[in-house]
$ cat data_34.cif   # mmCIF, C-alpha atoms
data_coords
#
loop_
_atom_site.label_atom_id
_atom_site.label_comp_id
_atom_site.auth_asym_id
_atom_site.auth_seq_id
_atom_site.Cartn_x
_atom_site.Cartn_y
_atom_site.Cartn_z
CA MET A 353 42.53 163.75 -148.31
CA THR A 354 43.75 160.48 -146.79
CA ASN A 355 47.26 159.10 -147.21
CA LYS A 356 45.87 156.28 -149.31
CA SER A 357 44.14 158.60 -151.70
CA ILE A 358 47.23 160.74 -152.25
CA GLN A 359 49.16 157.64 -153.26
CA GLN A 360 47.22 157.69 -156.48
CA SER A 361 49.16 159.01 -159.42
CA THR A 362 46.31 161.40 -160.21
CA VAL A 363 47.49 163.64 -157.42
CA THR A 364 49.59 166.33 -159.04
CA ASP A 365 53.08 167.25 -157.95
CA GLU A 366 51.82 170.70 -157.09
CA GLU A 367 49.22 169.26 -154.74
CA LEU A 368 51.86 167.10 -153.10
CA ILE A 369 54.28 169.93 -152.55
CA LYS A 370 51.45 172.07 -151.17
CA ARG A 371 50.65 169.34 -148.66
CA TYR A 372 54.31 169.06 -147.77
CA GLN A 373 54.53 172.82 -147.32
CA ASP A 374 51.62 172.49 -144.91
CA GLY A 375 53.65 170.01 -142.88
CA ASP A 376 52.61 166.64 -144.35
CA LEU A 377 55.79 164.54 -144.38
CA TYR A 378 54.02 161.69 -146.12
CA ALA A 379 53.63 163.93 -149.16
CA TYR A 380 57.40 164.48 -149.08
CA ASP A 381 57.95 160.71 -149.17
CA LEU A 382 55.68 160.44 -152.19
CA ILE A 383 57.57 163.16 -154.02
CA VAL A 384 60.83 161.31 -153.31
CA ARG A 385 59.39 158.07 -154.68
CA ARG A 386 57.99 159.83 -157.72
CA TYR A 387 61.19 161.61 -158.69
CA LYS A 388 64.13 159.60 -157.37
CA ASP A 389 64.65 157.42 -160.47
CA GLN A 390 63.97 160.20 -162.98
CA LEU A 391 66.47 162.44 -161.27
CA LEU A 392 69.02 159.65 -160.97
CA ASN A 393 68.92 159.09 -164.74
CA PHE A 394 69.01 162.82 -165.35
CA ALA A 395 72.10 163.30 -163.14
CA TYR A 396 73.73 160.16 -164.48
CA ARG A 397 73.69 161.46 -168.05
CA PHE A 398 75.68 164.46 -166.86
CA LEU A 399 78.08 162.67 -164.61
CA GLY A 400 78.38 159.14 -166.03
CA ASN A 401 78.73 157.76 -162.52
CA LEU A 402 75.82 156.26 -160.64
CA GLU A 403 77.12 156.75 -157.12
CA GLU A 404 77.87 160.40 -157.68
CA SER A 405 74.52 160.77 -159.37
CA GLU A 406 72.77 159.23 -156.41
CA ASP A 407 74.55 161.68 -154.13
CA VAL A 408 73.28 164.51 -156.31
CA VAL A 409 69.73 163.18 -156.05
CA GLN A 410 70.05 162.82 -152.26
CA GLU A 411 71.26 166.39 -152.03
CA THR A 412 68.37 167.53 -154.23
CA PHE A 413 65.86 165.97 -151.83
CA LEU A 414 67.67 167.38 -148.83
CA ARG A 415 67.36 170.83 -150.35
CA LEU A 416 63.72 170.21 -151.02
CA TYR A 417 63.32 169.23 -147.38
CA LYS A 418 65.11 172.30 -146.09
CA ASN A 419 63.70 174.83 -148.55
CA ARG A 420 60.15 173.62 -149.01
CA HIS A 421 58.84 177.17 -148.89
CA ALA A 422 61.20 178.33 -151.62
CA TYR A 423 58.89 176.68 -154.12
CA LYS A 424 56.13 178.99 -155.30
CA GLN A 425 53.03 177.65 -157.00
CA ILE A 426 53.62 179.87 -160.04
CA ALA A 427 56.10 177.35 -161.47
CA LYS A 428 55.70 173.67 -162.26
CA PHE A 429 57.17 171.55 -159.51
CA SER A 430 59.00 169.29 -161.99
CA THR A 431 60.87 172.21 -163.55
CA TRP A 432 61.78 173.47 -160.08
CA ILE A 433 63.23 170.15 -158.93
CA TYR A 434 65.02 169.58 -162.23
CA THR A 435 66.60 173.01 -161.87
CA ILE A 436 67.94 172.09 -158.43
CA ALA A 437 69.26 168.72 -159.60
CA GLY A 438 70.76 170.26 -162.76
CA ASN A 439 72.57 172.92 -160.77
CA LEU A 440 73.94 170.33 -158.37
CA ALA A 441 75.11 168.15 -161.27
CA LYS A 442 76.82 171.17 -162.80
CA THR A 443 78.54 171.94 -159.49
CA GLU A 444 79.67 168.33 -159.28
CA LEU A 445 81.13 168.53 -162.79
CA ARG A 446 83.03 171.67 -161.82
CA LYS A 447 84.37 170.01 -158.69
CA ARG A 448 85.40 167.03 -160.75
CA LYS A 449 87.24 169.23 -163.19
CA ARG A 450 89.15 170.72 -160.30
CA ARG A 451 89.94 167.36 -158.78
CA LYS A 452 90.77 165.84 -162.16
CA LEU A 453 90.00 162.44 -160.78
CA VAL A 454 89.34 159.36 -162.83
CA SER A 455 85.78 158.30 -162.20
CA ILE A 456 85.29 154.95 -160.55
CA SER A 457 82.85 153.85 -163.23
CA GLU A 458 85.55 154.31 -165.85
CA LEU A 459 87.60 151.75 -163.99
CA GLY A 460 84.66 149.41 -163.98
CA PHE A 461 83.86 149.53 -160.25
CA GLU A 462 80.66 150.57 -158.59
CA GLU A 463 80.36 149.94 -154.89
CA LYS A 464 76.57 149.97 -154.81
CA GLU A 465 74.33 147.84 -156.96
CA PHE A 466 72.03 149.71 -159.31
CA GLU A 467 69.18 147.93 -160.94
CA LEU A 468 68.08 148.47 -164.51
CA GLU A 469 64.40 149.16 -165.01
CA ASP A 470 64.00 146.49 -167.69
CA ASN A 471 66.42 143.60 -167.65
CA LYS A 472 64.87 141.01 -169.92
CA ALA A 473 67.37 140.93 -172.78
CA ASP A 474 69.73 138.00 -173.19
CA THR A 475 73.44 138.23 -172.40
CA GLU A 476 74.66 138.99 -175.95
CA GLN A 477 72.04 141.64 -176.48
CA GLN A 478 72.88 143.07 -173.08
CA ALA A 479 76.58 143.31 -173.95
CA ASP A 480 75.74 145.06 -177.24
CA SER A 481 73.38 147.46 -175.66
CA GLN A 482 75.85 148.21 -172.83
CA LEU A 483 78.56 148.99 -175.36
CA LYS A 484 76.23 151.19 -177.36
CA GLU A 485 75.07 152.92 -174.21
CA LYS A 486 78.67 153.56 -173.21
CA ILE A 487 79.48 155.06 -176.62
CA ILE A 488 76.43 157.32 -176.50
CA GLN A 489 77.14 158.30 -172.90
CA ASN A 490 80.71 159.24 -173.79
CA ALA A 491 79.48 161.29 -176.74
CA ILE A 492 77.00 163.12 -174.48
CA GLU A 493 79.75 163.82 -171.99
CA ASP A 494 81.91 165.22 -174.79
CA LEU A 495 79.27 167.78 -175.73
CA PRO A 496 79.65 171.35 -174.47
CA PHE A 497 77.61 171.81 -171.29
CA ARG A 498 74.90 173.94 -172.93
CA PHE A 499 74.24 171.25 -175.54
CA LYS A 500 74.47 168.43 -173.05
CA GLN A 501 71.79 170.10 -170.89
CA VAL A 502 69.24 170.41 -173.67
CA ILE A 503 69.84 166.97 -175.16
CA ILE A 504 69.38 165.32 -171.78
CA LEU A 505 66.27 167.29 -170.98
CA ARG A 506 64.66 166.99 -174.39
CA ASP A 507 65.68 163.67 -175.91
CA ILE A 508 66.37 161.58 -172.81
CA GLN A 509 64.07 162.99 -170.14
CA GLU A 510 61.55 163.92 -172.84
CA LEU A 511 60.53 167.21 -171.31
CA SER A 512 58.61 169.78 -173.32
CA TYR A 513 60.37 172.79 -174.83
CA GLU A 514 58.35 175.02 -172.50
CA ASP A 515 59.57 173.15 -169.43
CA ILE A 516 63.16 173.25 -170.66
CA SER A 517 62.84 176.97 -171.25
CA SER A 518 61.58 177.35 -167.70
CA ILE A 519 64.33 175.15 -166.19
CA LEU A 520 67.16 176.84 -168.05
CA ARG A 521 65.55 180.28 -167.91
CA ILE A 522 66.18 180.91 -171.59
CA PRO A 523 63.67 181.83 -174.33
CA LEU A 524 61.77 179.09 -176.11
CA GLY A 525 63.32 179.91 -179.50
CA THR A 526 66.81 179.64 -178.01
CA VAL A 527 65.95 176.24 -176.56
CA LYS A 528 64.73 174.97 -179.94
CA SER A 529 67.75 176.15 -181.88
CA ARG A 530 70.07 174.85 -179.18
CA VAL A 531 68.42 171.43 -179.27
CA ASN A 532 68.82 171.32 -183.07
CA ARG A 533 72.49 172.23 -182.89
CA ALA A 534 73.04 169.73 -180.08
CA ARG A 535 71.46 166.96 -182.13
CA GLN A 536 73.64 167.76 -185.12
CA ARG A 537 76.73 167.84 -182.94
CA LEU A 538 75.82 164.50 -181.39
CA GLN A 539 75.22 162.96 -184.80
CA VAL A 540 78.74 163.97 -185.81
CA LEU A 541 80.17 162.48 -182.61
CA LEU A 542 78.24 159.25 -183.16
CA LYS A 543 78.89 159.04 -186.90
CA ASP A 544 80.71 155.70 -186.61
CA LEU A 545 78.04 154.12 -184.47
CA MET A 546 75.32 155.31 -186.85
CA SER A 547 77.03 154.04 -189.99
CA GLN A 548 77.71 150.70 -188.28
CA GLU A 549 74.03 150.40 -187.41
CA ASN A 550 73.02 151.36 -190.95
CA ARG A 551 75.23 148.58 -192.32
CA SER A 552 73.79 145.99 -189.95
CA MET B 717 71.31 170.80 -202.65
CA ALA B 718 70.91 174.52 -202.01
CA ASP B 719 67.35 174.11 -200.75
CA CYS B 720 68.34 171.51 -198.12
CA TYR B 721 68.81 174.15 -195.43
CA LYS B 722 65.09 174.94 -195.33
CA PHE B 723 64.27 171.23 -194.87
CA GLN B 724 66.43 171.10 -191.74
CA LYS B 725 63.60 172.68 -189.76
CA LEU B 726 61.13 170.14 -191.12
CA ILE B 727 63.48 167.31 -190.11
CA ASN B 728 63.62 168.70 -186.59
CA ASP B 729 59.86 169.10 -186.50
CA THR B 730 59.55 165.46 -187.56
CA ILE B 731 61.82 164.35 -184.72
CA ASP B 732 59.79 166.44 -182.26
CA ASN B 733 56.57 165.13 -183.76
CA GLU B 734 55.47 168.68 -184.39
CA ILE B 735 55.28 168.58 -188.19
CA ASP B 736 51.99 169.49 -189.88
CA THR B 737 50.51 167.66 -192.88
CA SER B 738 51.73 170.08 -195.53
CA GLY B 739 55.24 170.11 -194.05
CA LYS B 740 55.28 166.35 -193.97
CA LYS B 741 54.29 166.22 -197.64
CA GLN B 742 57.00 168.72 -198.62
CA LEU B 743 59.65 166.78 -196.74
CA GLU B 744 58.59 163.45 -198.21
CA ASP B 745 58.76 164.89 -201.73
CA HIS B 746 62.18 166.34 -201.01
CA ILE B 747 63.79 163.24 -199.56
CA LYS B 748 62.69 161.20 -202.56
CA GLN B 749 65.11 163.29 -204.60
CA CYS B 750 67.74 164.14 -201.96
CA ALA B 751 69.85 161.28 -200.62
CA SER B 752 71.66 163.58 -198.19
CA CYS B 753 68.47 164.80 -196.47
CA SER B 754 67.07 161.30 -196.53
CA MET B 755 70.16 160.01 -194.71
CA GLN B 756 70.05 162.93 -192.31
CA LEU B 757 66.43 162.25 -191.40
CA LYS B 758 67.18 158.58 -190.89
CA ASN B 759 70.19 159.30 -188.69
CA ALA B 760 68.29 161.86 -186.68
CA LEU B 761 65.42 159.45 -186.06
CA ASP B 762 67.85 156.63 -185.17
CA LEU B 763 69.71 158.86 -182.78
CA GLN B 764 66.53 159.97 -181.12
CA HIS B 765 65.39 156.39 -180.77
CA SER B 766 68.75 155.44 -179.26
CA LEU B 767 68.56 158.28 -176.76
CA LYS B 768 65.01 157.45 -175.79
CA THR B 769 65.83 153.80 -175.27
CA LEU B 770 68.96 154.32 -173.21
CA PRO B 771 68.84 152.09 -170.14
CA LYS B 772 66.97 153.59 -167.22
CA PHE B 773 68.54 153.06 -163.84
CA LYS B 774 66.86 152.77 -160.50
CA THR B 775 68.22 154.19 -157.29
CA SER B 776 69.99 151.73 -155.02
CA ALA B 777 68.03 149.74 -152.45
CA SER B 778 69.50 151.82 -149.63
CA PHE B 779 68.57 155.15 -151.21
CA GLU B 780 65.61 155.99 -148.98
CA LEU B 781 67.36 154.66 -145.89
CA VAL B 782 70.38 156.88 -146.51
CA LEU B 783 68.13 159.84 -147.25
CA ARG B 784 66.23 159.31 -144.00
CA SER B 785 69.48 159.17 -142.08
CA LYS B 786 70.63 162.41 -143.70
CA LEU B 787 67.28 164.02 -142.92
CA ARG B 788 67.53 162.92 -139.30
CA ASN B 789 70.98 164.50 -139.09
CA GLU B 790 69.58 167.60 -140.71
CA MET B 791 66.72 167.79 -138.22
CA TYR B 792 69.10 167.64 -135.28
CA ASN B 793 71.42 170.07 -137.00
CA LYS B 794 74.22 167.58 -136.83
CA PRO B 795 76.71 167.37 -139.69
CA ALA B 796 76.92 164.01 -141.47
CA PHE B 797 80.65 163.95 -140.80
CA ALA B 798 81.25 164.55 -137.12
CA PRO B 799 84.86 164.16 -136.09
CA PHE B 800 83.86 164.71 -132.44
CA GLY B 801 80.70 162.69 -132.62
CA TRP B 802 81.12 161.48 -129.05
CA LEU B 803 80.44 165.01 -127.79
CA PRO B 804 76.77 165.73 -127.08
CA SER B 805 75.21 167.54 -129.99
CA TRP B 806 74.16 171.09 -129.09
CA ARG B 807 70.66 172.43 -129.47
CA PRO B 808 70.21 176.06 -130.40
CA VAL B 809 67.80 177.17 -127.65
CA PRO B 810 69.62 175.76 -124.60
CA ALA B 811 72.94 176.84 -126.09
CA VAL B 812 71.78 180.43 -126.52
CA ALA B 813 70.28 180.44 -123.02
CA THR B 814 73.54 179.13 -121.53
CA LEU B 815 75.55 181.71 -123.43
CA GLY B 816 73.20 184.43 -122.17
CA ILE B 817 73.61 183.34 -118.54
CA LEU B 818 77.38 183.14 -118.93
CA PHE B 819 77.39 186.58 -120.50
CA ILE B 820 75.43 188.08 -117.58
CA ILE B 821 77.70 186.44 -114.97
CA PHE B 822 80.81 187.50 -116.87
CA GLY B 823 79.50 191.06 -117.24
CA TYR B 824 78.68 191.25 -113.53
CA PHE B 825 82.19 190.17 -112.51
CA MET B 826 83.88 192.34 -115.08
CA ALA B 827 81.94 195.39 -113.90
CA GLY B 828 83.02 194.68 -110.34
CA MET B 829 86.63 194.19 -111.40
CA ILE B 830 86.70 197.42 -113.36
CA HIS B 831 85.14 199.26 -110.48
CA ASN B 832 87.42 197.78 -107.82
CA SER B 833 90.72 197.32 -109.57
CA LYS B 834 91.24 200.87 -110.60
CA THR B 835 90.94 202.96 -107.50
CA PRO B 836 91.35 206.60 -108.41
CA VAL B 837 94.58 208.05 -107.04
CA ILE B 838 95.10 211.76 -106.79
CA THR B 839 98.60 212.93 -105.95
CA GLN B 840 100.20 216.33 -105.80
CA GLN B 841 103.12 217.26 -108.03
CA PRO B 842 105.04 220.48 -108.36
CA GLY B 843 103.55 222.33 -111.29
CA ILE B 844 104.95 224.78 -113.78
CA ASN B 845 105.88 228.12 -112.25
CA GLY B 846 104.68 226.95 -108.90
CA ALA B 847 101.15 226.34 -110.06
CA ASN B 848 99.18 223.67 -108.37
CA THR B 849 99.00 220.45 -110.30
CA ALA B 850 96.80 217.53 -109.56
CA VAL B 851 97.73 214.18 -111.04
CA LEU B 852 94.74 211.94 -111.43
CA GLU B 853 95.52 208.31 -111.99
CA ASN B 854 93.39 205.31 -112.71
CA ILE B 855 90.41 207.47 -113.33
CA PRO B 856 88.33 205.61 -115.88
CA ALA B 857 86.95 208.53 -117.78
CA VAL B 858 87.88 211.96 -116.79
CA VAL B 859 86.72 214.24 -119.50
CA THR B 860 88.69 217.33 -120.20
CA GLN B 861 88.38 219.96 -122.82
CA PRO B 862 90.96 222.53 -123.76
CA VAL B 863 90.04 226.06 -122.73
CA SER B 864 89.38 228.25 -125.71
CA HIS B 865 91.28 231.49 -126.31
CA ASP B 866 88.59 233.58 -124.69
CA GLY B 867 88.87 231.64 -121.50
CA TYR B 868 85.61 229.79 -121.91
CA ILE B 869 85.19 226.07 -121.96
CA LYS B 870 82.96 225.35 -124.86
CA MET B 871 81.59 221.91 -124.87
CA LYS B 872 78.41 220.10 -125.29
CA ASN B 873 78.96 217.74 -122.46
CA TYR B 874 79.31 218.06 -118.82
CA VAL B 875 82.82 217.81 -117.58
CA ASN B 876 84.30 216.84 -114.30
CA ILE B 877 87.50 218.56 -113.39
CA ALA B 878 89.35 217.73 -110.25
CA GLU B 879 90.95 220.80 -108.79
CA GLN B 880 93.53 220.79 -106.12
CA LEU B 881 93.35 223.77 -103.87
CA PRO B 882 95.78 224.88 -101.15
CA GLY B 883 95.71 222.70 -98.11
CA ASN B 884 95.74 219.47 -100.12
CA ARG B 885 92.03 219.59 -100.56
CA VAL B 886 90.71 218.36 -103.80
CA TYR B 887 87.52 219.66 -105.27
CA THR B 888 85.67 218.76 -108.29
CA ARG B 889 83.45 221.02 -110.21
CA GLU B 890 81.10 220.37 -112.99
CA LEU B 891 80.99 222.73 -115.89
CA SER B 892 78.22 222.66 -118.33
CA GLU B 893 77.92 223.79 -121.87
CA ASN B 894 79.30 227.24 -122.65
CA GLN B 895 79.99 228.08 -119.10
CA SER B 896 83.03 229.91 -117.98
CA ASN B 897 85.43 227.87 -115.97
CA ASN B 898 84.99 230.47 -113.26
CA SER B 899 81.36 229.67 -112.94
CA ARG B 900 81.21 226.97 -110.39
CA ILE B 901 78.05 224.99 -110.40
CA GLU B 902 78.81 222.58 -107.76
CA GLN B 903 81.58 222.17 -105.38
CA VAL B 904 82.04 218.87 -103.70
CA GLN B 905 84.51 217.51 -101.29
CA SER B 906 87.33 215.24 -102.39
CA ASP B 907 85.70 212.16 -100.99
CA SER B 908 82.76 212.63 -103.29
CA ILE B 909 84.99 212.05 -106.31
CA GLN B 910 84.20 208.38 -105.79
CA ARG B 911 80.61 209.24 -106.40
CA ILE B 912 81.43 210.95 -109.64
CA MET B 913 83.81 208.39 -111.06
CA PRO B 914 81.55 205.43 -111.59
CA ARG B 915 78.96 207.65 -113.16
CA ARG B 916 78.36 206.75 -116.73
CA LEU B 917 79.70 209.35 -119.09
CA ASN B 918 77.44 208.97 -122.03
CA LYS B 919 78.90 211.71 -124.16
CA PRO B 920 82.59 211.82 -123.45
CA LEU B 921 84.82 214.00 -125.53
CA ILE B 922 88.15 212.71 -124.43
CA ARG B 923 88.70 209.54 -122.51
CA GLN B 924 91.87 209.15 -120.61
CA ALA B 925 92.89 206.83 -117.85
CA ASN B 926 95.54 209.10 -116.46
CA THR B 927 95.08 212.76 -116.76
CA ILE B 928 97.05 215.74 -115.59
CA VAL B 929 95.01 218.83 -115.11
CA HIS B 930 96.75 222.19 -114.76
CA PHE B 931 95.15 225.16 -113.09
#

$ encode --input "data_34.cif" --output "structure tokens"
Amino acid sequence: MTNKSIQQSTVTDEELIKRYQDGDLYAYDLIVRRYKDQLLNFAYRFLGNLEESEDVVQETFLRLYKNRHAYKQIAKFSTWIYTIAGNLAKTELRKRKRRKLVSISELGFEEKEFELEDNKADTEQQADSQLKEKIIQNAIEDLPFRFKQVIILRDIQELSYEDISSILRIPLGTVKSRVNRARQRLQVLLKDLMSQENRS
Amino acid sequence: MADCYKFQKLINDTIDNEIDTSGKKQLEDHIKQCASCSMQLKNALDLQHSLKTLPKFKTSASFELVLRSKLRNEMYNKPAFAPFGWLPSWRPVPAVATLGILFIIFGYFMAGMIHNSKTPVITQQPGINGANTAVLENIPAVVTQPVSHDGYIKMKNYVNIAEQLPGNRVYTRELSENQSNNSRIEQVQSDSIQRIMPRRLNKPLIRQANTIVHF
């Protein structure tokens, strides 16, 4: 297979990782490009800070680079990489708890510039949506970790229940009931936002 | 409503888009009569829509550049934070080879020093009740074993015992396993003690640098 042909999105993740395991560094680059934004958004919903989230994603790819042979074809590559990123985000949260630092984003500063995928809305709409996003993000952060995990994976990353079960290594039924409880909990936390939206 | 609990599952199935036709019909009939479930379904759908439409961020422009730099550091086994970065970074193979050479040179000199620095000294001292006593000093590993009550030296290892005899002559004899100390296997002259000393004692019982042997 040529480098051009593996650029096509039809090439599965599993084929790419296989090529990388065989020493093809170009396949590694393609995996990075395919997953970097997804993983950034995934980590960001845990951490609420883009710079820290980017560090988590960098570390995830470094681990992939170092431990390429740790991946076995029996699992889906996406669940494997999400597991690594999720564990790193969890470690970061623990570290943060210990440090008890105020996150830079809470102060309104971000050193790097992060682009939004779609930035077509006008200024007023943007301000509204930023405020709403902030409220939802805070509510997600307030959830217990086990609920936060499943909400992010299911309702934000839109992964299947089977994949979530595989990432978290818990039974499918447990995932489903945990997602339901997490949704209910989040609805309670966002009660004000919901009623405001219902009125408008 | 008491029945609302069973519709919770149908609401969740609706959100997950996993509801079948009959379930959908049941839920629609129920929410026509139940304002609470109707509101719950609406809120759940709104929430899910809000979560799905949360802004999606892209990694910074320097993301791949930074990653490449980290990978390069990783390849050369160099930590990202190097307080002594001006020092040449070490490579495993040459470093191990250098350590090996240093170890051999060090071992060679140490062996020579051990061999030369501790010259065995054998002096005569007055013993108990006039018995002859040989004091052996700086002897790296003279192995002795107490004589058992029946007068036999029982040991599994060979032993070298320096024996001072009248006329200031020193002999050594080697006793082997279960041999009487009267049974002399080999008698050598005092100067041959040098030959015995550096010999490697692979099964020593007692190791002493300075030993007093009474006869």

$ resolve_selection --input "data_34.cif" --expression "the PyMOL selection byres ((chain B) within 6 of (chain A))" --output "PyMOL selection string"
chain B and resi 767-768+772-776

$ residues_around --input "data_34.cif" --residues "Asp745 in chain B" --least-positions-apart "6" --cutoff "12 Å" --atoms "all atoms listed in the file" --output "list in words"
Phe723, Ser738, Gly739, Ala751, Cys753 and Ser754 of chain B

$ residues_around --input "data_34.cif" --residues "Thr730 in chain B" --least-positions-apart "6" --cutoff "10 Å" --atoms "all atoms listed in the file" --output "number ranges by chain"
B: 724, 736, 739-740, 743, 757, 760-761

$ closest_residue --input "data_34.cif" --among "A:Ile516, A:Ala534, A:Val363, A:Ile522" --to "Pro496 in chain A" --atoms "all atoms listed in the file"
A:Ala534

$ closest_residue --input "data_34.cif" --among "B:Gln764, B:Glu744, B:Ser752, B:Thr737" --to "Cys720 in chain B" --atoms "only C-alpha atoms"
B:Ser752

$ atom_distance --input "data_34.cif" --atom1 "CA of Leu382 in chain A" --atom2 "CA of Lys786 in chain B"
17.3 Å

$ atom_distance --input "data_34.cif" --atom1 "CA of Asn419 in chain A" --atom2 "CA of Ile519 in chain A"
17.7 Å

$ resolve_selection --input "data_34.cif" --expression "the PyMOL selection byres ((chain A and resi 430) around 10)" --output "VMD selection string"
chain A and resid 365 to 366 387 427 to 429 431 to 435 511 515 519

$ atom_distance --input "data_34.cif" --atom1 "CA of Tyr792 in chain B" --atom2 "CA of Tyr372 in chain A"
19.4 Å
